[in-house]
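One file, work.tsv, carrying TSV, C-alpha atoms:
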```tsv
chain	number	residue	atom	x	y	z
X	248	MET	CA	73.40	45.74	36.50
X	249	GLY	CA	71.19	45.11	39.51
X	250	LYS	CA	73.88	42.99	41.17
X	251	ARG	CA	76.47	45.75	40.79
X	252	LEU	CA	74.17	48.31	42.45
X	253	LEU	CA	73.51	45.88	45.31
X	254	VAL	CA	77.23	45.33	45.87
X	255	VAL	CA	77.92	49.10	45.87
X	256	TRP	CA	75.10	49.69	48.35
X	257	LEU	CA	76.37	46.95	50.72
X	258	VAL	CA	79.94	48.31	50.62
X	259	SER	CA	78.71	51.84	51.40
X	260	LEU	CA	76.61	50.55	54.30
X	261	GLY	CA	79.59	48.65	55.71
X	262	LEU	CA	81.81	51.74	55.56
X	263	LEU	CA	79.12	53.80	57.27
X	264	LEU	CA	78.74	51.27	60.09
X	265	ALA	CA	82.49	51.05	60.55
X	266	ALA	CA	82.77	54.81	60.88
X	267	ASN	CA	79.79	55.04	63.24
X	268	PRO	CA	79.02	51.67	64.84
X	269	VAL	CA	75.62	51.08	66.38
X	270	GLY	CA	75.39	52.02	70.08
X	271	ARG	CA	78.01	54.85	69.96
X	272	ALA	CA	76.60	58.37	70.45
X	273	ALA	CA	77.56	60.92	67.89
X	274	PRO	CA	79.99	63.51	69.32
X	275	ALA	CA	78.65	66.97	70.05
X	276	SER	CA	79.29	69.58	67.39
X	277	GLN	CA	81.76	72.35	68.00
X	278	VAL	CA	78.93	74.78	68.63
X	279	GLU	CA	77.52	72.66	71.44
X	280	GLN	CA	80.77	71.91	73.26
X	281	PRO	CA	81.33	73.88	76.52
X	282	ARG	CA	84.86	74.87	77.38
X	283	ILE	CA	86.58	76.20	80.53
X	284	THR	CA	89.76	77.98	79.47
X	285	TYR	CA	90.63	79.55	82.84
X	286	PRO	CA	91.56	78.32	85.36
X	287	ALA	CA	93.33	75.43	83.70
X	288	ASP	CA	93.76	72.00	85.30
X	289	GLY	CA	96.10	72.10	88.30
X	290	ALA	CA	95.99	75.90	88.64
X	291	ARG	CA	96.47	77.58	92.01
X	292	VAL	CA	93.86	80.28	92.72
X	293	SER	CA	92.77	82.66	95.48
X	294	GLY	CA	90.32	85.48	96.09
X	295	VAL	CA	87.60	86.09	93.49
X	296	VAL	CA	88.38	84.11	90.32
X	297	GLU	CA	86.98	85.06	86.92
X	298	VAL	CA	86.11	81.73	85.30
X	299	ARG	CA	86.47	82.15	81.53
X	300	GLY	CA	85.52	79.98	78.58
X	301	SER	CA	82.69	79.32	76.11
X	302	ALA	CA	79.08	78.21	76.58
X	303	THR	CA	77.34	77.98	73.19
X	304	HIS	CA	74.37	75.97	71.89
X	305	PRO	CA	72.09	76.32	68.86
X	306	ASN	CA	69.04	76.22	71.16
X	307	LEU	CA	70.58	77.44	74.41
X	308	ASP	CA	68.33	77.28	77.46
X	309	PHE	CA	70.85	78.17	80.16
X	310	TYR	CA	74.30	77.28	81.45
X	311	GLN	CA	75.61	76.85	84.97
X	312	VAL	CA	79.07	76.95	86.56
X	313	ARG	CA	79.61	75.02	89.79
X	314	TYR	CA	82.36	73.77	92.09
X	315	ALA	CA	82.90	70.80	94.37
X	316	PRO	CA	85.62	69.82	96.86
X	317	GLY	CA	88.04	67.24	95.54
X	318	ALA	CA	90.64	66.94	92.82
X	319	GLY	CA	88.18	65.49	90.29
X	320	PRO	CA	84.47	64.80	89.72
X	321	THR	CA	83.05	61.75	91.45
X	322	ALA	CA	79.62	60.27	92.08
X	323	ASP	CA	79.73	61.72	95.62
X	324	SER	CA	80.83	65.25	94.61
X	325	GLN	CA	78.92	67.95	96.46
X	326	TRP	CA	78.33	70.53	93.76
X	327	GLN	CA	77.56	74.14	94.52
X	328	ASP	CA	76.38	76.57	91.82
X	329	PHE	CA	77.86	80.07	91.71
X	330	ALA	CA	76.65	81.14	88.25
X	331	ILE	CA	73.39	80.29	86.40
X	332	VAL	CA	72.87	82.30	83.21
X	333	GLU	CA	69.80	81.90	81.00
X	334	GLY	CA	69.63	82.50	77.26
X	335	ARG	CA	73.06	84.14	76.82
X	336	GLN	CA	75.75	82.66	74.62
X	337	VAL	CA	79.32	83.16	75.86
X	338	GLU	CA	82.36	82.66	73.69
X	339	ASN	CA	85.88	83.15	75.07
X	340	ASP	CA	84.63	85.45	77.82
X	341	VAL	CA	83.76	85.48	81.52
X	342	LEU	CA	81.37	82.69	82.48
X	343	GLY	CA	81.09	83.62	86.18
X	344	ARG	CA	83.02	84.81	89.24
X	345	TRP	CA	84.04	82.23	91.82
X	346	ASP	CA	84.55	83.67	95.32
X	347	THR	CA	87.06	81.43	97.11
X	348	THR	CA	87.54	83.69	100.13
X	349	GLN	CA	84.87	81.81	102.14
X	350	LEU	CA	86.21	78.33	101.26
X	351	PRO	CA	88.79	76.30	103.14
X	352	ASP	CA	92.06	75.87	101.33
X	353	GLY	CA	92.41	72.63	99.40
X	354	HIS	CA	91.67	70.90	96.08
X	355	TYR	CA	88.53	71.70	94.08
X	356	THR	CA	86.91	70.91	90.74
X	357	LEU	CA	84.95	73.24	88.46
X	358	ALA	CA	82.19	72.09	86.10
X	359	LEU	CA	80.43	73.88	83.23
X	360	ALA	CA	77.07	72.50	82.09
X	361	VAL	CA	75.29	73.83	78.97
X	362	TRP	CA	71.60	72.95	78.66
X	363	GLY	CA	69.63	73.02	75.42
X	364	ILE	CA	65.90	73.55	75.08
X	365	ASN	CA	65.44	70.33	73.07
X	366	ASP	CA	67.60	68.13	75.34
X	367	PRO	CA	66.85	69.14	78.96
X	368	ASN	CA	68.17	65.84	80.37
X	369	SER	CA	71.54	65.71	78.60
X	370	PRO	CA	73.73	68.73	79.36
X	371	TYR	CA	77.07	69.24	77.65
X	372	LEU	CA	79.82	69.21	80.30
X	373	ASP	CA	83.39	70.36	80.75
X	374	PHE	CA	85.61	70.22	83.88
X	375	ALA	CA	88.65	71.99	85.33
X	376	THR	CA	90.24	69.56	87.79
X	377	ASN	CA	92.86	69.51	90.51
X	378	LEU	CA	92.49	73.22	91.32
X	379	VAL	CA	94.26	74.39	94.48
X	380	VAL	CA	92.60	77.13	96.55
X	381	ASP	CA	95.18	78.87	98.73
X	382	ASN	CA	94.03	82.08	100.43
X	383	THR	CA	96.70	81.99	103.15
X	384	ASP	CA	99.31	82.86	100.54
X	385	PRO	CA	97.24	84.52	97.79
X	386	VAL	CA	98.43	84.59	94.22
X	387	VAL	CA	99.60	88.10	93.46
X	388	THR	CA	100.63	89.17	90.00
X	389	PRO	CA	103.76	91.27	90.46
X	390	THR	CA	103.38	94.81	89.16
X	391	PRO	CA	106.58	96.24	87.74
X	392	THR	CA	107.68	99.26	89.70
X	393	PRO	CA	108.90	102.08	87.47
X	394	GLU	CA	112.40	103.12	88.29
X	395	PRO	CA	112.61	106.78	89.34
X	396	ASP	CA	114.56	109.12	87.17
X	397	PRO	CA	118.00	109.79	88.56
X	398	GLU	CA	118.10	113.12	90.28
X	399	PRO	CA	120.67	115.56	88.89
X	400	THR	CA	123.69	115.92	91.07
X	401	GLU	CA	124.20	119.50	92.15
X	402	VAL	CA	127.77	120.70	92.15
X	403	PHE	CA	128.39	123.30	94.80
X	404	PRO	CA	131.37	125.63	94.40
X	405	THR	CA	134.19	125.21	96.86
X	406	PRO	CA	134.18	128.16	99.27
X	407	THR	CA	137.23	130.40	99.03
X	408	ILE	CA	138.91	131.04	102.34
X	409	GLY	CA	140.09	134.64	102.67
X	410	PRO	CA	142.96	135.97	104.73
X	411	THR	CA	142.92	135.33	108.45
X	412	PRO	CA	141.42	138.37	110.24
X	413	THR	CA	143.70	140.27	112.59
X	414	PRO	CA	142.49	140.07	116.20
X	415	MET	CA	141.36	143.41	117.64
X	416	THR	CA	142.40	144.61	121.06
X	417	VAL	CA	139.52	145.92	123.15
X	418	GLU	CA	140.51	148.35	125.86
X	419	GLN	CA	138.66	147.87	129.12
X	420	PRO	CA	137.41	151.06	130.92
X	421	PRO	CA	139.45	152.06	133.95
X	422	THR	CA	138.38	150.50	137.21
X	423	VAL	CA	136.89	153.04	139.65
X	424	THR	CA	138.34	152.67	143.07
X	425	PRO	CA	135.56	153.07	145.69
X	426	ARG	CA	136.08	155.89	148.10
X	427	PRO	CA	136.17	155.07	151.80
X	428	THR	CA	132.97	155.80	153.70
X	429	ALA	CA	133.37	158.40	156.42
X	430	THR	CA	132.74	157.15	159.92
X	431	LEU	CA	130.58	159.43	162.09
X	432	SER	CA	131.50	160.11	165.62
X	433	PRO	CA	129.01	159.15	168.33
X	434	GLY	CA	126.24	161.76	168.78
X	435	LEU	CA	126.54	163.23	165.21
X	436	VAL	CA	123.72	162.81	162.68
X	437	GLU	CA	124.52	162.86	159.00
X	438	THR	CA	122.45	165.44	157.17
X	439	PRO	CA	121.59	164.44	153.61
X	440	THR	CA	122.90	166.91	151.14
X	441	VAL	CA	120.43	167.90	148.43
X	442	ALA	CA	121.74	169.50	145.32
X	443	PRO	CA	120.23	172.94	144.96
X	444	ASP	CA	119.38	172.41	141.30
X	445	GLU	CA	117.29	169.26	141.89
X	446	GLY	CA	115.25	170.90	144.73
X	447	ALA	CA	114.58	174.00	142.65
X	448	GLU	CA	113.40	171.95	139.67
X	449	LEU	CA	111.07	169.88	141.88
X	450	ALA	CA	109.56	172.99	143.56
X	451	LEU	CA	109.12	174.66	140.16
X	452	SER	CA	107.38	171.67	138.69
X	453	VAL	CA	104.84	171.38	141.53
X	454	GLY	CA	104.11	175.11	141.48
X	455	GLN	CA	103.53	175.14	137.72
X	456	ILE	CA	101.16	172.20	137.94
X	457	ARG	CA	99.15	173.87	140.74
X	458	THR	CA	98.93	177.21	138.88
X	459	GLY	CA	97.81	175.52	135.66
X	460	PHE	CA	95.15	173.52	137.51
X	461	CYS	CA	93.71	176.66	139.18
X	462	ALA	CA	93.72	178.62	135.91
X	463	GLY	CA	91.90	175.78	134.14
X	464	GLY	CA	89.25	175.59	136.89
X	465	LEU	CA	88.67	179.36	136.80
X	466	PHE	CA	88.32	179.30	133.01
X	467	SER	CA	85.74	176.54	133.26
X	468	VAL	CA	83.70	178.52	135.85
X	469	VAL	CA	83.71	181.60	133.60
X	470	LEU	CA	82.53	179.55	130.60
X	471	LEU	CA	79.70	177.96	132.59
X	472	THR	CA	78.60	181.37	133.91
X	473	LEU	CA	78.50	182.85	130.40
X	474	TRP	CA	76.55	179.84	129.12
X	475	GLY	CA	74.00	180.24	131.99
X	476	LEU	CA	73.56	183.99	131.22
X	477	TYR	CA	73.05	183.16	127.53
X	478	VAL	CA	70.36	180.58	128.33
X	479	VAL	CA	68.53	182.96	130.74
X	480	ALA	CA	68.65	185.82	128.22
X	481	LYS	CA	67.34	183.60	125.46
X	482	ALA	CA	64.46	182.38	127.62
X	483	GLY	CA	63.56	185.98	128.64
X	484	LEU	CA	63.59	187.15	125.04
X	485	ARG	CA	61.23	184.35	124.03
X	486	TRP	CA	58.87	185.25	126.90
X	487	VAL	CA	58.76	188.93	125.87
X	488	LEU	CA	58.09	188.04	122.24
X	489	ARG	CA	55.33	185.67	123.29
X	490	GLN	CA	53.67	188.38	125.44
X	491	ARG	CA	53.80	190.86	122.56
X	492	SER	CA	52.27	188.34	120.21
X	493	THR	CA	49.43	187.68	122.66
X	494	SER	CA	48.75	191.38	123.18
X	495	SER	CA	48.64	192.00	119.43
X	496	SER	CA	46.15	189.17	118.93
X	497	GLY	CA	43.81	190.58	121.64
X	498	THR	CA	43.87	194.07	120.14
X	499	ARG	CA	42.89	192.84	116.70
X	500	ARG	CA	39.89	190.99	118.08
```
Go through the file and emit its structure as structure tokens.
Amino acid sequence: MGKRLLVVWLVSLGLLLAANPVGRAAPASQVEQPRITYPADGARVSGVVEVRGSATHPNLDFYQVRYAPGAGPTADSQWQDFAIVEGRQVENDVLGRWDTTQLPDGHYTLALAVWGINDPNSPYLDFATNLVVDNTDPVVTPTPTPEPDPEPTEVFPTPTIGPTPTPMTVEQPPTVTPRPTATLSPGLVETPTVAPDEGAELALSVGQIRTGFCAGGLFSVVLLTLWGLYVVAKAGLRWVLRQRSTSSSGTRR
């Protein structure tokens, strides 16, 4: 009975060693494995890139996202951090934003490192390699342009042409033949002839204007004279009344 138990124990130990030989590190669990899902290996990027993926750990301290020139990670890679996040688990979301506008075009590598509190010297890593930064010809996602609705075609009625109008004959007024100018003999002076009606109207108009002006001036003088008499009479009446009032006051005293 004891021999059978010993044999079973040795077989189980052999199977365990075969599955996990001494010296090989146990793979990280799914919760502790970082992952960069975008950009993928060999992607061409430009502008500000949203680096997406997962950074999870049972005892997460922080995670960092960095880049380095070159198609892949090497011992001489010059890493530059652009995102360091403490104590926040990320799963299938934005890890950080990589601004490539200040970088020369070329090949780059991204790295994601997840650090645990209990293992500060052994981060869990993931890489996105052979990335091409090209800002001279940026990657633009084409936006579909909506087609405009066809405009309705307006049908205009055909104009109806009426009968041709009959041309009208316009009679020109008769041409006045100028009369010949009389030539005066030497020593004679031509006296201008004034129509009697025009002279009479002019003389009548000037006379009426002069008569109206004199009548208006006389009427104004009469009005001013009457106004002066009224003012003098009013002042005299006030003086008489004042004298009577003074005399009455003296008599009473």
Handout entry: Polymer residues at most 8 Å from Gly353 of chain X, all atoms listed in the file, same-chain spacing of 6 or more positions, as an MDAnalysis selection string
Key = chainID X and resid 316:317 379:381
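Atom CA of Trp362 of chain X sits 5.6 Å away from atom CA of Asp308 of chain X.
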Practice task
Pick out the residues sitting within 7 Å of segment 338-350 of chain X, and hand them over as a ChimeraX atom specification; count all atoms listed in the file, and ignore anything fewer than 4 positions along from it in its own chain.
Solution key: /X:293-303,312,329-330,382
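Across the model, the gap from atom CA of Tyr355 of chain X to atom CA of Gln336 of chain X is 25.7 Å.
Taking atom CA of Ile331 of chain X and atom CA of Thr376 of chain X as the two end points, the separation is 20.0 Å.
When only C-alpha atoms are used to compute distances to Gln311 of chain X, the closest of the residues X:Pro351, X:Pro286, X:Gly475, X:Pro370 turns out to be X:Pro370.
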Could you work out an axis-aligned box for segment 486-491 of chain X, taking every atom the file lists and adding 8 Å on each side, and report centre and edge lengths in Å to one decimal, as lines of an AutoDock Vina configuration file?
```
center_x = 56.3
center_y = 188.1
center_z = 124.6
size_x = 21.2
size_y = 21.6
size_z = 20.7
```
